[in-house]
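Q: One file is attached below, structure26.tsv, containing TSV, C-alpha atoms and all ligand atoms.
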```tsv
chain	number	residue	atom	x	y	z
A	1	MET	CA	7.47	-11.88	-10.50
A	2	THR	CA	6.53	-9.34	-7.85
A	3	LYS	CA	3.96	-6.76	-8.95
A	4	LEU	CA	4.46	-3.05	-8.33
A	5	SER	CA	1.37	-1.20	-7.14
A	6	VAL	CA	1.94	2.54	-6.92
A	7	ASN	CA	0.33	4.32	-3.98
A	8	VAL	CA	-0.94	7.71	-5.18
A	9	ASN	CA	-1.77	9.24	-1.77
A	10	LYS	CA	1.05	11.76	-2.17
A	11	ILE	CA	-0.32	12.97	-5.52
A	12	ALA	CA	-3.58	13.76	-3.73
A	13	THR	CA	-1.65	15.49	-0.91
A	14	LEU	CA	-0.01	17.79	-3.45
A	15	ARG	CA	-3.28	18.43	-5.25
A	16	ASN	CA	-5.11	19.28	-2.02
A	17	ALA	CA	-2.42	21.81	-1.06
A	18	ARG	CA	-3.87	24.28	-3.61
A	19	GLY	CA	-7.49	23.17	-3.67
A	20	GLY	CA	-7.56	22.75	-7.47
A	21	ASN	CA	-6.89	19.74	-9.65
A	22	VAL	CA	-3.12	19.99	-10.14
A	23	PRO	CA	-1.67	17.44	-10.29
A	24	ASP	CA	-4.62	15.57	-11.78
A	25	LEU	CA	-4.84	12.36	-9.75
A	26	LEU	CA	-6.77	10.47	-12.41
A	27	LYS	CA	-4.33	11.39	-15.18
A	28	VAL	CA	-1.39	10.43	-12.97
A	29	ALA	CA	-2.95	7.03	-12.24
A	30	ARG	CA	-3.61	6.42	-15.93
A	31	ASP	CA	-0.06	7.49	-16.85
A	32	LEU	CA	1.46	5.32	-14.11
A	33	GLU	CA	-0.28	2.33	-15.65
A	34	ASP	CA	1.01	3.33	-19.10
A	35	PHE	CA	4.53	3.57	-17.63
A	36	GLY	CA	4.20	-0.02	-16.42
A	37	ALA	CA	2.74	0.11	-12.89
A	38	GLN	CA	0.86	-3.12	-12.31
A	39	GLY	CA	-1.52	-1.72	-9.74
A	40	ILE	CA	-2.78	1.48	-8.14
A	41	THR	CA	-3.06	1.70	-4.36
A	42	ILE	CA	-4.92	4.30	-2.33
A	43	HIS	CA	-5.36	4.65	1.40
A	44	PRO	CA	-8.32	6.95	2.06
A	45	ARG	CA	-8.15	8.15	5.65
A	46	PRO	CA	-11.27	9.18	7.61
A	47	ASP	CA	-10.31	12.88	7.47
A	48	GLU	CA	-9.77	12.61	3.67
A	49	ARG	CA	-6.56	14.59	4.06
A	50	HIS	CA	-5.22	13.19	0.81
A	51	ILE	CA	-7.42	10.65	-1.02
A	52	LYS	CA	-11.09	11.72	-0.98
A	53	TYR	CA	-13.78	9.05	-0.98
A	54	GLN	CA	-14.88	10.44	-4.36
A	55	ASP	CA	-11.32	9.83	-5.70
A	56	ALA	CA	-11.77	6.17	-4.89
A	57	ARG	CA	-15.00	6.08	-6.93
A	58	ASP	CA	-13.43	7.99	-9.85
A	59	LEU	CA	-10.33	5.79	-9.89
A	60	LYS	CA	-12.46	2.66	-10.04
A	61	GLN	CA	-13.77	3.86	-13.42
A	62	LEU	CA	-10.31	4.14	-14.95
A	63	VAL	CA	-7.85	1.78	-13.27
A	64	THR	CA	-7.30	-1.13	-15.64
A	65	THR	CA	-4.62	-2.93	-13.64
A	66	GLU	CA	-5.20	-3.95	-10.02
A	67	PHE	CA	-6.98	-1.50	-7.75
A	68	ASN	CA	-6.01	-1.88	-4.09
A	69	ILE	CA	-7.78	0.09	-1.37
A	70	GLU	CA	-6.15	0.19	2.05
A	71	GLY	CA	-7.63	1.40	5.30
A	72	ASN	CA	-9.08	0.80	8.70
A	73	PRO	CA	-12.38	-1.08	8.29
A	74	ILE	CA	-14.65	1.41	10.01
A	75	THR	CA	-18.25	1.32	8.73
A	76	LYS	CA	-17.70	4.19	6.27
A	77	PHE	CA	-14.68	2.39	4.77
A	78	ILE	CA	-16.43	-0.97	4.51
A	79	ASP	CA	-19.38	0.64	2.73
A	80	LEU	CA	-17.07	2.44	0.30
A	81	VAL	CA	-15.13	-0.71	-0.57
A	82	LEU	CA	-18.28	-2.82	-1.00
A	83	ASP	CA	-19.72	-0.15	-3.27
A	84	ILE	CA	-16.57	0.13	-5.42
A	85	LYS	CA	-15.47	-3.52	-5.43
A	86	PRO	CA	-11.75	-3.11	-6.09
A	87	GLU	CA	-9.63	-6.17	-6.88
A	88	GLN	CA	-8.08	-6.04	-3.41
A	89	VAL	CA	-8.76	-4.52	-0.01
A	90	THR	CA	-6.00	-4.25	2.59
A	91	LEU	CA	-7.02	-3.85	6.22
A	92	VAL	CA	-4.78	-1.51	8.21
A	93	PRO	CA	-5.33	-0.76	11.93
A	94	ASP	CA	-4.52	2.95	11.74
A	95	SER	CA	-5.82	5.39	14.31
A	96	VAL	CA	-7.49	8.59	13.12
A	97	ASP	CA	-4.71	10.85	14.35
A	98	ALA	CA	-1.76	8.77	13.06
A	99	ILE	CA	0.51	10.63	10.64
A	100	THR	CA	0.86	7.41	8.70
A	101	SER	CA	0.34	3.69	9.29
A	102	ASN	CA	2.39	2.74	12.31
A	103	ALA	CA	1.49	-0.85	13.30
A	104	GLY	CA	0.26	-4.15	11.97
A	105	TRP	CA	-2.90	-5.88	13.24
A	106	ASN	CA	-2.89	-7.95	16.35
A	107	THR	CA	-4.58	-10.79	14.48
A	108	ILE	CA	-5.07	-12.84	17.65
A	109	LYS	CA	-6.78	-10.13	19.71
A	110	TYR	CA	-8.96	-9.01	16.77
A	111	LYS	CA	-9.57	-12.50	15.36
A	112	ASP	CA	-13.40	-12.34	15.51
A	113	PHE	CA	-13.62	-8.83	14.11
A	114	LEU	CA	-11.16	-9.55	11.28
A	115	THR	CA	-12.82	-12.87	10.42
A	116	ASP	CA	-16.15	-11.10	10.10
A	117	VAL	CA	-14.81	-8.27	7.91
A	118	ILE	CA	-12.75	-10.61	5.73
A	119	SER	CA	-15.78	-12.79	5.14
A	120	THR	CA	-17.89	-9.75	4.15
A	121	PHE	CA	-15.32	-8.66	1.57
A	122	LYS	CA	-14.69	-12.16	0.25
A	123	LYS	CA	-18.42	-12.73	-0.23
A	124	ALA	CA	-18.37	-9.62	-2.41
A	125	GLY	CA	-15.59	-11.16	-4.54
A	126	ILE	CA	-12.84	-8.85	-3.27
A	127	ARG	CA	-9.39	-10.30	-2.52
A	128	THR	CA	-8.36	-9.51	1.05
A	129	SER	CA	-5.08	-8.68	2.71
A	130	ILE	CA	-4.22	-7.92	6.34
A	131	PHE	CA	-1.38	-5.55	7.27
A	132	VAL	CA	0.86	-7.34	9.82
A	133	ASP	CA	4.20	-6.99	11.52
A	134	PRO	CA	6.76	-9.66	10.58
A	135	ASP	CA	5.75	-11.96	13.42
A	136	PRO	CA	4.91	-15.65	12.69
A	137	LYS	CA	2.20	-15.57	15.40
A	138	MET	CA	0.47	-12.68	13.62
A	139	VAL	CA	0.76	-14.56	10.33
A	140	GLU	CA	-0.85	-17.62	11.94
A	141	GLY	CA	-3.62	-15.39	13.34
A	142	ALA	CA	-4.17	-13.93	9.88
A	143	LYS	CA	-4.53	-17.41	8.41
A	144	ILE	CA	-7.35	-18.16	10.88
A	145	THR	CA	-9.32	-15.10	9.68
A	146	GLY	CA	-9.55	-16.63	6.19
A	147	THR	CA	-7.67	-13.80	4.49
A	148	ASP	CA	-6.16	-14.44	1.06
A	149	ARG	CA	-3.03	-12.42	1.76
A	150	ILE	CA	-1.04	-10.54	4.34
A	151	GLU	CA	0.83	-7.31	3.74
A	152	LEU	CA	4.11	-7.31	5.65
A	153	TYR	CA	4.63	-3.92	7.31
A	154	THR	CA	8.14	-3.03	6.17
A	155	GLU	CA	8.97	0.15	8.10
A	156	SER	CA	11.31	-1.72	10.50
A	157	TYR	CA	13.07	-3.27	7.50
A	158	ALA	CA	13.54	0.12	5.82
A	159	ASP	CA	14.85	1.69	9.05
A	160	LEU	CA	17.40	-1.00	9.81
A	161	PHE	CA	18.39	-1.63	6.17
A	162	VAL	CA	20.75	1.36	6.14
A	163	LYS	CA	22.75	-0.03	9.07
A	164	ASN	CA	22.45	-3.80	8.75
A	165	LYS	CA	20.45	-5.24	5.87
A	166	GLU	CA	20.99	-8.90	6.88
A	167	LYS	CA	19.51	-8.23	10.31
A	168	ALA	CA	16.75	-6.05	8.82
A	169	ILE	CA	15.45	-8.80	6.55
A	170	GLU	CA	15.69	-11.65	9.11
A	171	PRO	CA	12.20	-11.38	10.70
A	172	PHE	CA	10.65	-10.91	7.27
A	173	ILE	CA	12.20	-14.13	5.97
A	174	ILE	CA	10.83	-16.01	9.00
A	175	ALA	CA	7.34	-14.49	8.68
A	176	ALA	CA	7.27	-15.11	4.92
A	177	LYS	CA	8.32	-18.74	5.42
A	178	ARG	CA	5.39	-19.24	7.82
A	179	ALA	CA	2.97	-17.58	5.40
A	180	ASN	CA	4.20	-19.81	2.57
A	181	GLU	CA	3.75	-22.91	4.76
A	182	LEU	CA	0.20	-21.83	5.60
A	183	GLY	CA	-0.71	-20.94	2.02
A	184	VAL	CA	-1.25	-17.25	2.77
A	185	GLU	CA	-0.03	-15.05	-0.09
A	186	ILE	CA	2.38	-12.22	0.64
A	187	ASN	CA	2.33	-8.50	-0.16
A	188	ALA	CA	4.59	-5.91	1.45
A	189	GLY	CA	4.73	-2.19	1.91
A	190	HIS	CA	5.71	0.93	3.82
A	191	ASP	CA	8.89	2.91	3.27
A	192	LEU	CA	10.13	0.63	0.50
A	193	SER	CA	12.35	2.56	-1.90
A	194	LEU	CA	14.77	2.31	-4.81
A	195	ASP	CA	17.55	1.71	-2.24
A	196	ASN	CA	15.97	-1.17	-0.33
A	197	ILE	CA	13.48	-2.87	-2.68
A	198	GLU	CA	15.81	-5.15	-4.61
A	199	TYR	CA	17.28	-6.81	-1.52
A	200	PHE	CA	13.81	-7.27	-0.05
A	201	ALA	CA	12.33	-8.84	-3.18
A	202	LYS	CA	15.33	-11.14	-3.63
A	203	ASN	CA	15.06	-12.48	-0.09
A	204	ILE	CA	11.31	-12.95	0.30
A	205	PRO	CA	10.09	-16.04	-1.55
A	206	ASN	CA	6.79	-15.75	-3.41
A	207	LEU	CA	6.38	-12.02	-2.81
A	208	LYS	CA	3.24	-11.26	-4.81
A	209	GLU	CA	3.10	-7.49	-4.65
A	210	VAL	CA	4.66	-4.39	-3.16
A	211	SER	CA	2.81	-1.10	-2.78
A	212	ILE	CA	5.07	1.93	-2.79
A	213	GLY	CA	4.11	5.59	-2.51
A	214	HIS	CA	6.09	8.01	-0.41
A	215	ALA	CA	9.60	7.15	-1.58
A	216	LEU	CA	8.57	6.55	-5.18
A	217	ILE	CA	6.95	9.98	-5.50
A	218	CYS	CA	9.92	11.68	-3.75
A	219	GLU	CA	12.35	9.86	-6.04
A	220	ALA	CA	10.30	10.81	-9.10
A	221	LEU	CA	10.34	14.47	-8.04
A	222	TYR	CA	14.06	14.46	-7.51
A	223	LEU	CA	14.89	12.58	-10.69
A	224	GLY	CA	12.76	15.06	-12.63
A	225	LEU	CA	14.12	18.29	-11.15
A	226	GLU	CA	17.16	18.74	-13.40
A	227	ASN	CA	15.08	18.20	-16.50
A	228	VAL	CA	12.37	20.64	-15.46
A	229	VAL	CA	14.77	23.38	-14.30
A	230	ASN	CA	16.42	23.20	-17.70
A	231	MET	CA	13.05	23.39	-19.48
A	232	TYR	CA	12.30	26.62	-17.57
A	233	LEU	CA	15.73	28.06	-18.38
A	234	HIS	CA	15.15	27.26	-22.03
A	235	ARG	CA	11.84	29.16	-22.03
A	236	LEU	CA	13.44	32.13	-20.30
A	237	LYS	CA	16.24	32.56	-22.85
B	1	LIG	C1	-0.54	0.75	4.84
B	1	LIG	C2	0.66	1.53	4.68
B	1	LIG	O1	1.71	1.10	4.90
B	1	LIG	C3	0.73	2.88	4.32
B	1	LIG	O2	1.97	3.14	3.88
B	1	LIG	C4	-0.16	3.76	3.70
B	1	LIG	O3	-0.93	3.26	2.72
B	1	LIG	C5	0.41	5.12	3.46
B	1	LIG	O4	-0.44	6.01	4.00
B	1	LIG	P1	-0.09	7.56	4.02
B	1	LIG	O5	0.17	7.97	2.60
B	1	LIG	O6	-1.28	8.21	4.61
B	1	LIG	O7	1.16	7.75	4.85
B	2	LIG	N1	0.90	-0.34	1.65
B	2	LIG	C1	1.99	0.53	1.63
B	2	LIG	C2	1.77	1.62	0.67
B	2	LIG	O1	0.76	1.64	-0.01
B	2	LIG	C3	2.75	2.67	0.50
B	2	LIG	O2	3.50	2.96	1.62
B	2	LIG	P1	4.63	4.10	1.48
B	2	LIG	O3	5.51	3.70	0.32
B	2	LIG	O4	3.92	5.39	1.18
B	2	LIG	O5	5.35	4.10	2.78
```
Can you present the structure in this file as structure tokens?

A:
Amino acid sequence: MTKLSVNVNKIATLRNARGGNVPDLLKVARDLEDFGAQGITIHPRPDERHIKYQDARDLKQLVTTEFNIEGNPITKFIDLVLDIKPEQVTLVPDSVDAITSNAGWNTIKYKDFLTDVISTFKKAGIRTSIFVDPDPKMVEGAKITGTDRIELYTESYADLFVKNKEKAIEPFIIAAKRANELGVEINAGHDLSLDNIEYFAKNIPNLKEVSIGHALICEALYLGLENVVNMYLHRLK
């Protein structure tokens, strides 16, 4: 069965908009686990625009499922992850000014760097994953670094799914097949949603985990709106 790890970046975005503690990120994470989430993912960015480094430390104290920290392994990030020791770290090559993650690693070009970072995390007992585009060459490059897993970057799948789901999944099936042959475990994430997740999970053999944030939080907001509007109306009677 594929595990669902909920990315709570958007909860932190909402909280930071007012500078207080609403919504309470820690309570949300705890509740998500109670509701059945099998993991909590965060992606602290260097500018701490949503998840703060302190959030990562606080979450470590309360997450009882799998804690997954994603990010670009700059020194500050490596130190944070080694200090916290989550169950999993996912390396993402995001630039400081990117709105969101927008590319997988070139695992061939950055082979030496990735091998070094992966080995540091593995020595600390942390499972590793490398964010990659659905390209068998990048999967092969990831294998050479010694990583336990890859995370397939699914934005292209989500984009094309609405027009042609068979074509959208094709490169992911090929990349997943190569990963399975090489014994590299598979995670996936980015822009997965209630609309596209079932088809993806059905077609990718041995998909270990998906991390979902943006769509899941938007869907939760929308599915809750009718209920909450009616609760207000009731109090205003
Ligand atoms: C690695 C990845 O795919 C991302 O989706 C990411 O974790 C989301 O980051 P933002 O919430 O900053 O867009
Ligand atoms: N690793 C992907 C992730 O954590 C969430 O991505 P998104 O659902 O916010 O696009």

Q: Select all residues near (0.3, 3.7, 5.4) (cut-off 10 Å, inclusive, file coordinates), counting only C-alpha atoms, and output them as an NGL selection string.

A: :A and (7 or 9 or 42-45 or 70-71 or 92-94 or 98-103 or 131 or 153 or 155 or 189-191 or 211-214)

Q: Between atom CA of Asp83 of chain A and atom CA of His50 of chain A, what is the spacing in Å?

A: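 Distance reported for this atom pair: 20.1 Å.
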
Q: Which one is closest to Tyr53 of chain A: A:Ala17, A:Leu225, A:Ala29, A:Ala12? Count only C-alpha atoms.

A: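 Using only C-alpha atoms, the shortest distance to Tyr53 of chain A belongs to A:Ala12.
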
Q: As a ChimeraX atom specification, please: the residues near Ala168 of chain A (cut-off 10 Å, all atoms listed in the file, same-chain neighbours under 3 positions excluded).

A: /A:154-165,171-173,200

Q: Counting all atoms listed in the file, which of A:Cys218, A:Ile40, A:Ile11, A:Ile150 gets nearest to Thr65 of chain A?

A: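 Of A:Cys218, A:Ile40, A:Ile11, A:Ile150, the one nearest Thr65 of chain A, counting all atoms listed in the file, is A:Ile40.
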
Q: To one decimal place, how far is atom CA of Ala124 of chain A from atom CA of Lys3 of chain A in Å?

A: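 Rounded to one decimal, the two atoms are 23.4 Å apart.
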
Q: Find, counting all atoms listed in the file, the residue in A:Lys10, A:Ile169, A:Val81, A:Leu4 that gets nearest to Glu33 of chain A.

A: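 Of A:Lys10, A:Ile169, A:Val81, A:Leu4, the one nearest Glu33 of chain A, counting all atoms listed in the file, is A:Leu4.
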
Q: Pick out the closest residue to Lys109 of chain A from this set: A:Arg57, A:Gly141, A:Leu26, A:Arg127. Count all atoms listed in the file.

A: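 Nearest candidate to Lys109 of chain A out of A:Arg57, A:Gly141, A:Leu26, A:Arg127: A:Gly141.
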
Q: Using all atoms listed in the file, can you list as number ranges by chain the residues within 12 Å of (-15.9, 1.2, 3.1)?

A: A: 43-46, 53-54, 56-57, 69-86, 89-91, 117, 120-121

Q: How big is the axis-aligned box around the listed atoms of segment 98-105 of chain A once 8 Å is added on each side, and where is its centre? Give both in Å to one decimal, as AutoDock Vina command-line options.

A:
```
--center_x -0.3 --center_y 2.4 --center_z 11.0 --size_x 21.3 --size_y 32.5 --size_z 20.6
```

Q: Which residue gives the smallest distance to ligand LIG 1 (chain B) among A:Ala179, A:Met231, A:Ile217, A:Ile197, with all atoms listed in the file counted?

A: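 Counting all atoms listed in the file, the residue closest to ligand LIG 1 (chain B) is A:Ile217.
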
Q: May I ask which of the residues A:Ile130, A:Leu192, A:Leu207, A:Leu223 is the closest one to ligand LIG 2 (chain B), counting all atoms listed in the file?

A: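 Checking each of A:Ile130, A:Leu192, A:Leu207, A:Leu223 against ligand LIG 2 (chain B), counting all atoms listed in the file, the winner is A:Leu192.
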
Q: Measure the distance from atom CA of Asn203 of chain A to atom CA of Arg178 of chain A in Å and round it to one decimal.

A: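 If I compute the distance from atom CA of Asn203 of chain A to atom CA of Arg178 of chain A, I get 14.2 Å.
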
Q: Give me, as a list in words, all polymer residues having an atom no more than 9 Å from Ile108 of chain A, counting all atoms listed in the file and skipping those fewer than 3 positions away in the same chain.

A: Trp105, Lys111, Asp112, Lys137, Met138, Glu140, Gly141, Ala142 and Ile144 of chain A

Q: Give me segment 178-199 of chain A with N, CA and C atoms filled in, as a compact mmCIF listing (two decimals), in the coordinates of the input.

A:
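Result file selection-v3.txt:
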```txt
# COMPACT_ATOMS: atom_id res chain seq x y z
N ARG A 178 6.60 -18.75 7.15
CA ARG A 178 5.39 -19.24 7.82
C ARG A 178 4.16 -19.03 6.92
N ALA A 179 4.11 -17.86 6.29
CA ALA A 179 2.97 -17.58 5.40
C ALA A 179 2.96 -18.57 4.24
N ASN A 180 4.12 -18.84 3.68
CA ASN A 180 4.20 -19.81 2.57
C ASN A 180 3.75 -21.19 3.02
N GLU A 181 4.16 -21.59 4.23
CA GLU A 181 3.75 -22.91 4.76
C GLU A 181 2.23 -22.98 4.91
N LEU A 182 1.64 -21.84 5.32
CA LEU A 182 0.20 -21.83 5.60
C LEU A 182 -0.65 -21.55 4.36
N GLY A 183 0.04 -21.23 3.26
CA GLY A 183 -0.71 -20.94 2.02
C GLY A 183 -1.35 -19.56 2.02
N VAL A 184 -0.77 -18.64 2.78
CA VAL A 184 -1.25 -17.25 2.77
C VAL A 184 -0.32 -16.46 1.84
N GLU A 185 -0.87 -15.78 0.86
CA GLU A 185 -0.03 -15.05 -0.09
C GLU A 185 0.52 -13.76 0.55
N ILE A 186 1.65 -13.31 -0.02
CA ILE A 186 2.38 -12.22 0.64
C ILE A 186 2.49 -10.96 -0.22
N ASN A 187 2.05 -9.84 0.37
CA ASN A 187 2.33 -8.50 -0.16
C ASN A 187 3.24 -7.81 0.86
N ALA A 188 3.77 -6.66 0.49
CA ALA A 188 4.59 -5.91 1.45
C ALA A 188 4.52 -4.43 1.13
N GLY A 189 4.71 -3.62 2.15
CA GLY A 189 4.73 -2.19 1.91
C GLY A 189 5.00 -1.36 3.14
N HIS A 190 5.43 -0.19 2.92
CA HIS A 190 5.71 0.93 3.82
C HIS A 190 7.20 1.23 3.83
N ASP A 191 7.51 2.40 3.32
CA ASP A 191 8.89 2.91 3.27
C ASP A 191 9.82 2.08 2.39
N LEU A 192 9.26 1.30 1.49
CA LEU A 192 10.13 0.63 0.50
C LEU A 192 10.58 1.70 -0.48
N SER A 193 11.76 1.50 -1.06
CA SER A 193 12.35 2.56 -1.90
C SER A 193 13.29 1.95 -2.93
N LEU A 194 13.80 2.79 -3.81
CA LEU A 194 14.77 2.31 -4.81
C LEU A 194 16.00 1.70 -4.12
N ASP A 195 16.35 2.22 -2.94
CA ASP A 195 17.55 1.71 -2.24
C ASP A 195 17.32 0.31 -1.67
N ASN A 196 16.14 0.08 -1.11
CA ASN A 196 15.97 -1.17 -0.33
C ASN A 196 15.11 -2.24 -0.98
N ILE A 197 14.47 -1.94 -2.12
CA ILE A 197 13.48 -2.87 -2.68
C ILE A 197 14.09 -4.14 -3.27
N GLU A 198 15.25 -3.99 -3.91
CA GLU A 198 15.81 -5.15 -4.61
C GLU A 198 16.19 -6.25 -3.62
N TYR A 199 16.85 -5.85 -2.53
CA TYR A 199 17.28 -6.81 -1.52
C TYR A 199 16.06 -7.48 -0.88
```
